[in-house]
$ cat upload-v1.csv   # CSV, C-alpha atoms
chain,number,residue,atom,x,y,z
A,1,MET,CA,-27.0,-13.0,-17.5
A,2,ASN,CA,-24.5,-12.5,-20.3
A,3,HIS,CA,-25.2,-10.0,-23.0
A,4,PRO,CA,-23.7,-10.8,-26.4
A,5,SER,CA,-22.5,-7.3,-26.9
A,6,ASP,CA,-20.7,-7.0,-23.5
A,7,GLU,CA,-17.3,-7.7,-24.9
A,8,LYS,CA,-17.7,-4.8,-27.4
A,9,LEU,CA,-19.2,-2.5,-24.9
A,10,LEU,CA,-16.5,-3.1,-22.2
A,11,ARG,CA,-13.9,-2.5,-24.9
A,12,TYR,CA,-15.5,0.9,-25.7
A,13,LEU,CA,-15.5,1.7,-22.0
A,14,ASP,CA,-11.8,0.8,-21.6
A,15,GLU,CA,-11.0,3.0,-24.6
A,16,GLY,CA,-12.8,5.8,-22.9
A,17,LYS,CA,-15.5,6.2,-25.4
A,18,ARG,CA,-18.8,8.0,-24.5
A,19,LEU,CA,-22.3,7.0,-25.4
A,20,GLU,CA,-22.7,9.9,-27.7
A,21,GLU,CA,-19.8,8.8,-29.8
A,22,LEU,CA,-21.2,5.3,-30.4
A,23,SER,CA,-24.0,4.0,-32.6
A,24,LEU,CA,-25.7,1.4,-30.5
A,25,THR,CA,-29.1,-0.2,-30.4
A,26,GLU,CA,-31.5,0.8,-27.6
A,27,GLU,CA,-30.8,-2.4,-25.7
A,28,GLU,CA,-27.0,-1.9,-26.1
A,29,GLN,CA,-27.4,1.7,-24.9
A,30,VAL,CA,-29.1,0.5,-21.7
A,31,ARG,CA,-26.4,-2.1,-21.2
A,32,PHE,CA,-23.7,0.5,-21.9
A,33,LYS,CA,-25.1,2.8,-19.2
A,34,GLU,CA,-25.2,-0.1,-16.7
A,35,LEU,CA,-21.6,-1.0,-17.5
A,36,SER,CA,-20.5,2.6,-17.3
A,37,ARG,CA,-22.0,3.0,-13.9
A,38,LEU,CA,-20.1,-0.1,-12.7
A,39,HIS,CA,-16.9,1.1,-14.4
A,40,GLU,CA,-17.1,4.5,-12.5
A,41,LEU,CA,-17.8,2.8,-9.2
A,42,LEU,CA,-14.9,0.4,-9.7
A,43,LEU,CA,-12.6,3.2,-10.5
A,44,ARG,CA,-13.6,5.1,-7.3
A,45,GLU,CA,-13.3,1.9,-5.3
A,46,HIS,CA,-9.7,1.4,-6.5
A,47,GLN,CA,-8.0,4.6,-5.7
A,48,PRO,CA,-4.4,3.9,-4.6
A,49,LEU,CA,-4.0,3.8,-0.9
A,50,MET,CA,-1.2,5.3,1.3
A,51,PRO,CA,0.5,3.2,4.0
A,52,SER,CA,1.5,4.7,7.3
A,53,SER,CA,3.9,7.6,7.4
A,54,ASN,CA,6.8,5.6,8.8
A,55,PHE,CA,6.5,2.8,6.3
A,56,THR,CA,9.8,3.5,4.5
A,57,SER,CA,11.8,3.9,7.7
A,58,ARG,CA,10.4,0.6,8.9
A,59,VAL,CA,11.6,-1.1,5.7
A,60,MET,CA,15.0,0.4,6.0
A,61,ASN,CA,15.3,-0.5,9.7
A,62,SER,CA,14.4,-4.1,8.8
A,63,LEU,CA,17.2,-4.1,6.2
A,64,ARG,CA,19.7,-2.7,8.7
A,65,ARG,CA,18.7,-5.4,11.2
A,66,GLN,CA,19.5,-8.2,8.7
A,67,PRO,CA,22.9,-9.9,9.3
A,68,THR,CA,25.5,-8.7,6.8
A,69,PRO,CA,26.5,-11.3,4.3
A,70,SER,CA,29.8,-13.0,5.2
A,71,LEU,CA,32.8,-14.0,3.1
A,72,LEU,CA,31.7,-17.6,3.7
A,73,THR,CA,29.5,-17.8,0.7
A,74,PRO,CA,28.4,-21.2,-0.5
A,75,ARG,CA,30.8,-21.1,-3.4
A,76,ASN,CA,33.8,-20.1,-1.2
A,77,GLY,CA,32.7,-22.8,1.3
A,78,LEU,CA,32.6,-25.5,-1.3
A,79,TRP,CA,36.1,-24.6,-2.6
A,80,LEU,CA,37.5,-24.6,1.0
A,81,LEU,CA,35.7,-27.9,1.6
A,82,ALA,CA,37.2,-29.4,-1.5
A,83,GLY,CA,40.6,-28.3,-0.5
A,84,LEU,CA,40.3,-29.8,3.0
A,85,VAL,CA,39.0,-33.1,1.6
A,86,VAL,CA,41.9,-33.3,-0.9
A,87,ALA,CA,44.5,-32.4,1.8
A,88,THR,CA,42.9,-35.0,4.2
A,89,GLY,CA,42.9,-37.6,1.5
A,90,ILE,CA,46.6,-37.1,0.7
A,91,THR,CA,47.6,-37.2,4.4
A,92,ILE,CA,45.7,-40.4,4.9
A,93,THR,CA,47.3,-41.9,1.9
A,94,VAL,CA,50.8,-40.9,3.2
A,95,LEU,CA,50.1,-42.3,6.6
A,96,SER,CA,48.8,-45.6,5.3
A,97,GLY,CA,52.4,-46.4,4.3
A,98,GLU,CA,51.8,-46.8,0.6
A,99,SER,CA,53.8,-43.7,0.2
A,100,ALA,CA,57.0,-45.5,1.1
A,101,SER,CA,57.0,-47.4,-2.1
A,102,LEU,CA,55.8,-44.4,-4.0
A,103,THR,CA,58.6,-42.1,-2.8
A,104,GLN,CA,61.1,-44.9,-3.6
A,105,ASN,CA,59.9,-45.0,-7.1
A,106,ILE,CA,59.9,-41.2,-7.5
A,107,LEU,CA,63.1,-40.5,-5.6
A,108,PRO,CA,65.4,-43.5,-5.9
A,109,ALA,CA,67.8,-43.2,-3.0
A,110,PRO,CA,71.4,-43.5,-4.2
A,111,SER,CA,73.4,-46.1,-2.3
A,112,LEU,CA,76.1,-44.4,-0.2
A,113,LYS,CA,78.9,-45.8,2.0
A,114,TRP,CA,79.7,-43.7,5.0
A,115,THR,CA,83.3,-44.0,6.2
A,116,THR,CA,82.6,-42.2,9.5
A,117,PRO,CA,79.7,-43.2,11.7
A,118,LEU,CA,76.8,-40.8,11.6
A,119,PRO,CA,75.9,-39.0,14.8
A,120,GLN,CA,72.9,-40.5,16.7
A,121,LEU,CA,70.0,-38.0,16.8
A,122,PRO,CA,67.9,-38.1,20.0
A,123,LYS,CA,64.6,-40.0,19.5
A,124,PRO,CA,61.7,-37.6,19.1
A,125,THR,CA,59.3,-37.7,22.1
A,126,LEU,CA,56.4,-36.7,19.9
A,127,ASP,CA,54.7,-39.4,17.8
A,128,VAL,CA,54.4,-37.7,14.4
A,129,LYS,CA,52.0,-40.3,13.2
A,130,GLN,CA,49.6,-39.5,16.0
A,131,LEU,CA,50.0,-35.8,15.5
A,132,ILE,CA,49.1,-36.1,11.8
A,133,GLN,CA,46.1,-38.3,12.7
A,134,GLY,CA,45.0,-35.6,15.1
A,135,ILE,CA,45.3,-33.0,12.3
A,136,ILE,CA,43.2,-35.2,10.0
A,137,ILE,CA,40.5,-35.5,12.7
A,138,LEU,CA,40.6,-31.7,13.1
A,139,ASN,CA,40.4,-31.2,9.4
A,140,SER,CA,37.4,-33.5,9.1
A,141,ALA,CA,35.6,-31.6,11.9
A,142,LEU,CA,36.4,-28.3,10.2
A,143,ALA,CA,35.1,-29.8,6.9
A,144,LEU,CA,31.8,-30.8,8.6
A,145,PHE,CA,31.5,-27.3,10.1
A,146,LEU,CA,32.1,-25.7,6.7
A,147,LEU,CA,29.6,-28.0,5.1
A,148,ASP,CA,26.9,-27.0,7.6
A,149,ARG,CA,27.6,-23.2,7.7
A,150,ALA,CA,28.6,-22.5,4.1
A,151,VAL,CA,26.4,-25.0,2.2
A,152,LEU,CA,23.6,-26.7,4.0
A,153,ARG,CA,22.3,-23.7,6.1
A,154,PRO,CA,22.1,-21.2,3.3
A,155,PHE,CA,20.5,-23.8,1.0
A,156,PHE,CA,17.7,-24.6,3.5
A,157,GLN,CA,17.3,-20.9,4.4
A,158,ARG,CA,16.8,-20.0,0.7
A,159,ARG,CA,14.4,-22.9,0.3
A,160,ALA,CA,12.4,-21.8,3.3
A,161,ASP,CA,12.3,-18.1,2.0
A,162,ARG,CA,11.1,-19.3,-1.4
A,163,LEU,CA,8.4,-21.4,0.1
A,164,SER,CA,7.3,-18.6,2.4
B,1,MET,CA,19.5,3.7,-9.4
B,2,ILE,CA,19.4,-0.1,-9.1
B,3,ASP,CA,23.1,-0.4,-10.1
B,4,ARG,CA,23.9,2.1,-7.2
B,5,ILE,CA,21.9,0.1,-4.7
B,6,LEU,CA,23.7,-3.1,-5.9
B,7,ALA,CA,27.0,-1.4,-5.5
B,8,GLY,CA,26.2,-0.8,-1.8
B,9,ASP,CA,24.1,2.4,-1.6
B,10,GLN,CA,21.5,0.9,0.7
B,11,ASP,CA,20.0,4.3,1.4
B,12,GLY,CA,19.2,4.7,-2.3
B,13,TYR,CA,16.7,1.9,-1.7
B,14,ALA,CA,14.6,4.2,0.5
B,15,THR,CA,13.9,6.3,-2.7
B,16,LEU,CA,12.6,3.3,-4.5
B,17,VAL,CA,10.4,2.3,-1.5
B,18,ASP,CA,8.9,5.8,-1.4
B,19,ARG,CA,8.2,5.7,-5.1
B,20,TYR,CA,6.4,2.4,-5.1
B,21,LYS,CA,5.0,2.0,-1.6
B,22,SER,CA,1.5,3.3,-2.4
B,23,PHE,CA,0.7,0.8,-5.2
B,24,ALA,CA,2.5,-2.0,-3.4
B,25,PHE,CA,0.4,-1.4,-0.3
B,26,SER,CA,-2.7,-1.1,-2.4
B,27,ILE,CA,-2.1,-4.5,-4.0
B,28,ALA,CA,-1.6,-6.1,-0.6
B,29,VAL,CA,-4.8,-4.5,0.8
B,30,LYS,CA,-6.8,-5.8,-2.2
B,31,VAL,CA,-5.5,-9.3,-1.7
B,32,LEU,CA,-5.8,-9.4,2.1
B,33,ASN,CA,-8.6,-7.0,2.7
B,34,ASN,CA,-6.9,-5.8,5.9
B,35,ARG,CA,-4.7,-2.7,6.2
B,36,ALA,CA,-2.6,-3.8,9.1
B,37,GLU,CA,-1.7,-7.2,7.5
B,38,ALA,CA,-1.2,-5.5,4.2
B,39,GLU,CA,1.3,-3.1,5.6
B,40,GLU,CA,3.3,-5.9,7.2
B,41,VAL,CA,3.2,-7.9,4.0
B,42,ALA,CA,4.2,-4.9,1.9
B,43,GLN,CA,7.2,-4.3,4.1
B,44,ASP,CA,8.3,-7.9,4.0
B,45,ALA,CA,8.0,-7.8,0.2
B,46,PHE,CA,10.2,-4.7,0.0
B,47,VAL,CA,12.8,-6.5,2.2
B,48,LYS,CA,12.7,-9.6,0.0
B,49,ALA,CA,13.0,-7.5,-3.2
B,50,PHE,CA,16.1,-5.8,-1.8
B,51,TYR,CA,17.8,-9.2,-1.3
B,52,TYR,CA,16.6,-10.5,-4.7
B,53,LEU,CA,17.7,-7.3,-6.5
B,54,LYS,CA,20.8,-9.0,-7.8
B,55,ASN,CA,18.6,-11.5,-9.6
B,56,PHE,CA,16.5,-8.7,-11.3
B,57,ASN,CA,17.3,-9.2,-15.0
B,58,LYS,CA,16.0,-5.8,-16.2
B,59,GLN,CA,14.0,-7.4,-19.0
B,60,SER,CA,10.8,-6.2,-17.5
B,61,LYS,CA,10.1,-2.9,-15.6
B,62,PHE,CA,11.3,-2.8,-12.0
B,63,SER,CA,7.8,-1.9,-10.8
B,64,THR,CA,6.3,-5.0,-12.5
B,65,TRP,CA,8.9,-7.2,-10.9
B,66,LEU,CA,8.4,-5.6,-7.5
B,67,TYR,CA,4.6,-5.8,-7.6
B,68,ARG,CA,4.9,-9.5,-8.5
B,69,ILE,CA,6.8,-10.1,-5.3
B,70,VAL,CA,4.2,-8.1,-3.3
B,71,PHE,CA,1.4,-10.1,-4.9
B,72,ASN,CA,3.0,-13.5,-4.2
B,73,THR,CA,4.0,-12.5,-0.7
B,74,ALA,CA,0.4,-11.4,0.0
B,75,LEU,CA,-1.0,-14.6,-1.5
B,76,SER,CA,1.3,-16.8,0.6
B,77,HIS,CA,0.3,-14.8,3.7
B,78,LYS,CA,-3.4,-15.2,2.9
B,79,ARG,CA,-3.0,-19.0,2.4
B,80,LYS,CA,-1.2,-19.4,5.7
B,81,ASN,CA,-3.9,-17.6,7.6
B,82,ARG,CA,-6.9,-18.8,5.8
B,83,VAL,CA,-9.8,-19.8,8.1
B,84,VAL,CA,-12.5,-22.0,6.6
B,85,MET,CA,-15.9,-20.5,7.0
B,86,ASP,CA,-19.2,-21.3,5.4
B,87,GLU,CA,-20.5,-19.0,2.7
B,88,LEU,CA,-23.0,-17.2,4.9
B,89,ASP,CA,-20.2,-16.3,7.4
B,90,GLN,CA,-18.0,-15.0,4.6
B,91,GLN,CA,-20.8,-12.7,3.3
B,92,THR,CA,-21.4,-11.5,6.9
B,93,VAL,CA,-17.7,-10.8,7.4
B,94,ALA,CA,-17.5,-9.1,4.0
B,95,TYR,CA,-20.4,-6.9,5.0
B,96,HIS,CA,-19.0,-6.1,8.4
B,97,GLU,CA,-15.5,-5.3,7.1
B,98,HIS,CA,-17.0,-2.8,4.8
B,99,ALA,CA,-19.5,-1.5,7.4
B,100,ASP,CA,-16.7,0.5,9.1
B,101,HIS,CA,-16.4,2.7,6.0
B,102,ALA,CA,-20.1,2.8,5.2
B,103,LEU,CA,-20.5,6.3,6.5
B,104,GLU,CA,-17.8,7.5,4.2
B,105,ARG,CA,-19.2,5.9,1.1
B,106,ASN,CA,-22.5,6.1,-0.7
B,107,ASP,CA,-24.6,3.0,-0.8
B,108,LYS,CA,-23.7,2.1,-4.4
B,109,GLN,CA,-20.0,2.1,-3.5
B,110,GLN,CA,-20.8,-0.1,-0.6
B,111,TYR,CA,-22.7,-2.5,-2.9
B,112,VAL,CA,-19.8,-2.7,-5.2
B,113,ALA,CA,-17.5,-3.5,-2.3
B,114,GLN,CA,-19.9,-6.3,-1.2
B,115,ALA,CA,-20.3,-7.6,-4.7
B,116,LEU,CA,-16.5,-7.8,-5.1
B,117,GLN,CA,-16.4,-10.3,-2.2
B,118,LEU,CA,-18.9,-12.6,-4.0
B,119,LEU,CA,-16.4,-13.1,-6.9
B,120,SER,CA,-13.9,-16.0,-6.9
B,121,ASP,CA,-10.5,-15.0,-5.5
B,122,ALA,CA,-8.9,-15.2,-9.0
B,123,ASP,CA,-11.5,-13.0,-10.7
B,124,ARG,CA,-11.5,-10.5,-7.8
B,125,GLU,CA,-7.7,-10.2,-7.9
B,126,ALA,CA,-7.7,-9.7,-11.6
B,127,VAL,CA,-10.4,-7.0,-11.7
B,128,GLN,CA,-8.9,-5.2,-8.6
B,129,LEU,CA,-5.4,-5.0,-10.1
B,130,TYR,CA,-6.8,-4.0,-13.4
B,131,TYR,CA,-8.8,-1.1,-11.8
B,132,LEU,CA,-5.8,0.2,-9.8
B,133,ARG,CA,-4.8,1.5,-13.2
B,134,GLU,CA,-1.1,1.6,-12.5
B,135,LEU,CA,-0.1,-1.2,-14.9
B,136,SER,CA,-0.9,-2.0,-18.5
B,137,LEU,CA,-2.9,-5.2,-19.2
B,138,GLU,CA,0.4,-7.0,-20.1
B,139,GLU,CA,2.1,-5.9,-16.9
B,140,THR,CA,-1.0,-6.9,-14.8
B,141,ALA,CA,-0.9,-10.3,-16.4
B,142,GLU,CA,2.8,-10.6,-15.6
B,143,VAL,CA,2.2,-9.6,-11.9
B,144,LEU,CA,-0.5,-12.2,-11.6
B,145,GLY,CA,1.5,-14.9,-13.4
B,146,LEU,CA,-1.3,-15.3,-16.1
B,147,ASN,CA,-1.2,-15.1,-19.8
B,148,LEU,CA,-2.9,-12.0,-21.3
B,149,ASN,CA,-6.0,-13.8,-22.7
B,150,THR,CA,-6.7,-15.4,-19.4
B,151,LEU,CA,-6.5,-12.1,-17.6
B,152,LYS,CA,-8.9,-10.5,-20.2
B,153,VAL,CA,-11.3,-13.3,-19.7
B,154,ARG,CA,-11.2,-13.0,-15.9
B,155,VAL,CA,-11.7,-9.2,-16.0
B,156,HIS,CA,-14.5,-9.5,-18.5
B,157,ARG,CA,-16.2,-12.3,-16.4
B,158,ALA,CA,-15.8,-10.3,-13.2
B,159,ARG,CA,-17.3,-7.2,-14.6
B,160,GLN,CA,-20.3,-9.1,-16.0
B,161,ARG,CA,-20.9,-10.7,-12.7
B,162,LEU,CA,-20.5,-7.4,-10.8
B,163,ALA,CA,-23.0,-5.7,-13.2
B,164,GLU,CA,-25.5,-8.4,-12.4
B,165,GLU,CA,-24.9,-8.3,-8.6
B,166,LEU,CA,-25.2,-4.5,-8.6
B,167,ARG,CA,-28.4,-4.6,-10.6
B,168,LYS,CA,-29.9,-7.1,-8.1
B,169,LEU,CA,-28.7,-5.1,-5.1
B,170,LEU,CA,-30.1,-1.9,-6.5
B,171,LYS,CA,-33.4,-3.6,-7.4
B,172,GLU,CA,-33.7,-4.9,-3.8
B,173,GLU,CA,-32.9,-1.4,-2.5
B,174,ALA,CA,-35.6,0.0,-4.7
B,175,LEU,CA,-38.1,-2.6,-3.4
B,176,THR,CA,-37.4,-1.8,0.2
B,177,LEU,CA,-38.0,1.9,-0.2

$ encode --input "upload-v1.csv" --output "structure tokens"
Amino acid sequence: MNHPSDEKLLRYLDEGKRLEELSLTEEEQVRFKELSRLHELLLREHQPLMPSSNFTSRVMNSLRRQPTPSLLTPRNGLWLLAGLVVATGITITVLSGESASLTQNILPAPSLKWTTPLPQLPKPTLDVKQLIQGIIILNSALALFLLDRAVLRPFFQRRADRLS
Amino acid sequence: MIDRILAGDQDGYATLVDRYKSFAFSIAVKVLNNRAEAEEVAQDAFVKAFYYLKNFNKQSKFSTWLYRIVFNTALSHKRKNRVVMDELDQQTVAYHEHADHALERNDKQQYVAQALQLLSDADREAVQLYYLRELSLEETAEVLGLNLNTLKVRVHRARQRLAEELRKLLKEEALTL
């Protein structure tokens, strides 16, 4: 049952006013005593509680057990990833053969006439093109690894922490 | 103190934990109604707060910010472990959970504890945090994620309901004597 004067009486209680200080009707005085009794009981029910004596040391131990943050932050990882992608893109472009015409335009080779024959260099045993392709594959694998460790895992870990 | 902790003084955090652990633990107990779970949740909340410390914007008090983390962690824990029971079982459990402390309390205190369990979760949390008396009304509203008027309405409604329940319980007690 709601009493119309409850709001006023509860405000008096919260302000710490005593019955003797207030001018209330008889009905309001009865209600004020009821609410005062409840107020006292609620205050006693809600004394602050103390946790166990080793609470703080357990919190600090949990902090020390957590892995230390690495240099591979998401931002660093993204920059490194971007660099790898750019380097891989340039290398692929160079390998595709289009660079031949590009370099000719940038660096026009002067026409030279040699009077003496040039010495013959031994043919390289290593296929440079294959080597560069191998480096591209390694770069791509490294880029995927970085994407996982530096970007995707921290993102999903933070999401899981927020949801929990 | 917070700047020192952010600069790497992890042991300085122990001072903060000591300062705020009592109220943090009290909030968790009020939400979960179980000391062991509350202690675990309060510890988790302090660990979370340490890692979110760099996001603390110093516009509110550190205590209000921390207690909000404790409250949300306790609520999440409660939702994860909620078991659906019918109303009668809930009242029985509420009675038995308080029965352990019955010898330490007088009957009226026990009735208040029982009556608190009859409130809705939202009203109970509002009145319990209010009566812990550590925070102002505005800070309590911030911890609960409510606007000030909503908190006042909930506290007011909870106290009216508790007054009625207490009156009924005391009347029943008088009748059985």

$ closest_residue --input "upload-v1.csv" --among "A:Arg31, A:Arg37, A:His46, A:Arg11" --to "chain B" --atoms "all atoms listed in the file"
A:His46

$ atom_distance --input "upload-v1.csv" --atom1 "atom CA of B:Asp107" --atom2 "atom CA of B:Leu170"
9.3 Å

$ residues_around --input "upload-v1.csv" --residues "A:Arg18" --least-positions-apart "3" --cutoff "10 Å" --atoms "all atoms listed in the file" --output "list in words"
Tyr12, Leu13, Glu15, Glu21, Leu22, Phe32, Lys33 and Ser36 of chain A

$ residues_around --input "upload-v1.csv" --residues "stretch 7-11 of chain B" --least-positions-apart "4" --cutoff "10 Å" --atoms "only C-alpha atoms" --output "VMD selection string"
(chain A and resid 60 63 to 64) or (chain B and resid 1 to 3 15 to 16 50)

$ closest_residue --input "upload-v1.csv" --among "A:Pro4, A:Pro117, A:Pro48, A:Gly89" --to "chain B" --atoms "only C-alpha atoms"
A:Pro48

$ closest_atom_pairs --input "upload-v1.csv" --of "chain A" --to "chain B" --cutoff "9 Å" --atoms "only C-alpha atoms" --output "JSON lines"
{"residue": "A:Met1", "atom": "CA", "partner": "B:Glu164", "partner_atom": "CA", "distance": 7.0}
{"residue": "A:Asn2", "atom": "CA", "partner": "B:Gln160", "partner_atom": "CA", "distance": 6.9}
{"residue": "A:His3", "atom": "CA", "partner": "B:Gln160", "partner_atom": "CA", "distance": 8.6}
{"residue": "A:Asp6", "atom": "CA", "partner": "B:Gln160", "partner_atom": "CA", "distance": 7.8}
{"residue": "A:Glu7", "atom": "CA", "partner": "B:His156", "partner_atom": "CA", "distance": 7.2}
{"residue": "A:Leu10", "atom": "CA", "partner": "B:His156", "partner_atom": "CA", "distance": 7.7}
{"residue": "A:Glu34", "atom": "CA", "partner": "B:Ala163", "partner_atom": "CA", "distance": 7.0}
{"residue": "A:Leu35", "atom": "CA", "partner": "B:Ala163", "partner_atom": "CA", "distance": 6.5}
{"residue": "A:Arg37", "atom": "CA", "partner": "B:Ala163", "partner_atom": "CA", "distance": 8.8}
{"residue": "A:Leu38", "atom": "CA", "partner": "B:Ala163", "partner_atom": "CA", "distance": 6.3}
{"residue": "A:His39", "atom": "CA", "partner": "B:Arg159", "partner_atom": "CA", "distance": 8.3}
{"residue": "A:Leu41", "atom": "CA", "partner": "B:Gln109", "partner_atom": "CA", "distance": 6.1}
{"residue": "A:Leu42", "atom": "CA", "partner": "B:Tyr131", "partner_atom": "CA", "distance": 6.6}
{"residue": "A:Leu43", "atom": "CA", "partner": "B:Tyr131", "partner_atom": "CA", "distance": 5.9}
{"residue": "A:Arg44", "atom": "CA", "partner": "B:Gln109", "partner_atom": "CA", "distance": 8.0}
{"residue": "A:Glu45", "atom": "CA", "partner": "B:Gln109", "partner_atom": "CA", "distance": 6.9}
{"residue": "A:His46", "atom": "CA", "partner": "B:Leu132", "partner_atom": "CA", "distance": 5.2}
{"residue": "A:Gln47", "atom": "CA", "partner": "B:Leu132", "partner_atom": "CA", "distance": 6.4}
{"residue": "A:Pro48", "atom": "CA", "partner": "B:Ser26", "partner_atom": "CA", "distance": 5.7}
{"residue": "A:Leu49", "atom": "CA", "partner": "B:Ser26", "partner_atom": "CA", "distance": 5.3}
{"residue": "A:Met50", "atom": "CA", "partner": "B:Ser22", "partner_atom": "CA", "distance": 5.0}
{"residue": "A:Pro51", "atom": "CA", "partner": "B:Phe25", "partner_atom": "CA", "distance": 6.3}
{"residue": "A:Ser52", "atom": "CA", "partner": "B:Glu39", "partner_atom": "CA", "distance": 8.0}
{"residue": "A:Phe55", "atom": "CA", "partner": "B:Gln43", "partner_atom": "CA", "distance": 7.5}
{"residue": "A:Thr56", "atom": "CA", "partner": "B:Val17", "partner_atom": "CA", "distance": 6.1}
{"residue": "A:Ser57", "atom": "CA", "partner": "B:Ala14", "partner_atom": "CA", "distance": 7.7}
{"residue": "A:Arg58", "atom": "CA", "partner": "B:Gln43", "partner_atom": "CA", "distance": 7.6}
{"residue": "A:Val59", "atom": "CA", "partner": "B:Gln43", "partner_atom": "CA", "distance": 5.7}
{"residue": "A:Met60", "atom": "CA", "partner": "B:Ala14", "partner_atom": "CA", "distance": 6.7}
{"residue": "A:Ser62", "atom": "CA", "partner": "B:Val47", "partner_atom": "CA", "distance": 7.2}
{"residue": "A:Leu63", "atom": "CA", "partner": "B:Val47", "partner_atom": "CA", "distance": 6.4}
{"residue": "A:Arg64", "atom": "CA", "partner": "B:Gln10", "partner_atom": "CA", "distance": 9.0}
{"residue": "A:Asp161", "atom": "CA", "partner": "B:Lys48", "partner_atom": "CA", "distance": 8.7}
{"residue": "A:Leu163", "atom": "CA", "partner": "B:Ser76", "partner_atom": "CA", "distance": 8.5}
{"residue": "A:Ser164", "atom": "CA", "partner": "B:Ser76", "partner_atom": "CA", "distance": 6.5}

$ atom_distance --input "upload-v1.csv" --atom1 "atom CA of A:Ser96" --atom2 "atom CA of A:Gln133"
10.7 Å

$ atom_distance --input "upload-v1.csv" --atom1 "atom CA of A:Val94" --atom2 "atom CA of A:Arg75"
28.9 Å

$ residues_around --input "upload-v1.csv" --residues "stretch 140-145 of chain A" --least-positions-apart "3" --cutoff "12 Å" --atoms "all atoms listed in the file" --output "list in words"
Leu72, Gly77, Leu78, Trp79, Leu80, Leu81, Ala82, Gly83, Leu84, Val85, Val86, Ala87, Thr88, Gly89, Thr91, Ile92, Gln133, Gly134, Ile135, Ile136, Ile137, Asp148, Arg149, Ala150, Val151, Leu152 and Arg153 of chain A

$ closest_residue --input "upload-v1.csv" --among "A:Leu131, A:Leu9, A:Gly16, A:Thr25" --to "A:Glu40" --atoms "only C-alpha atoms"
A:Gly16
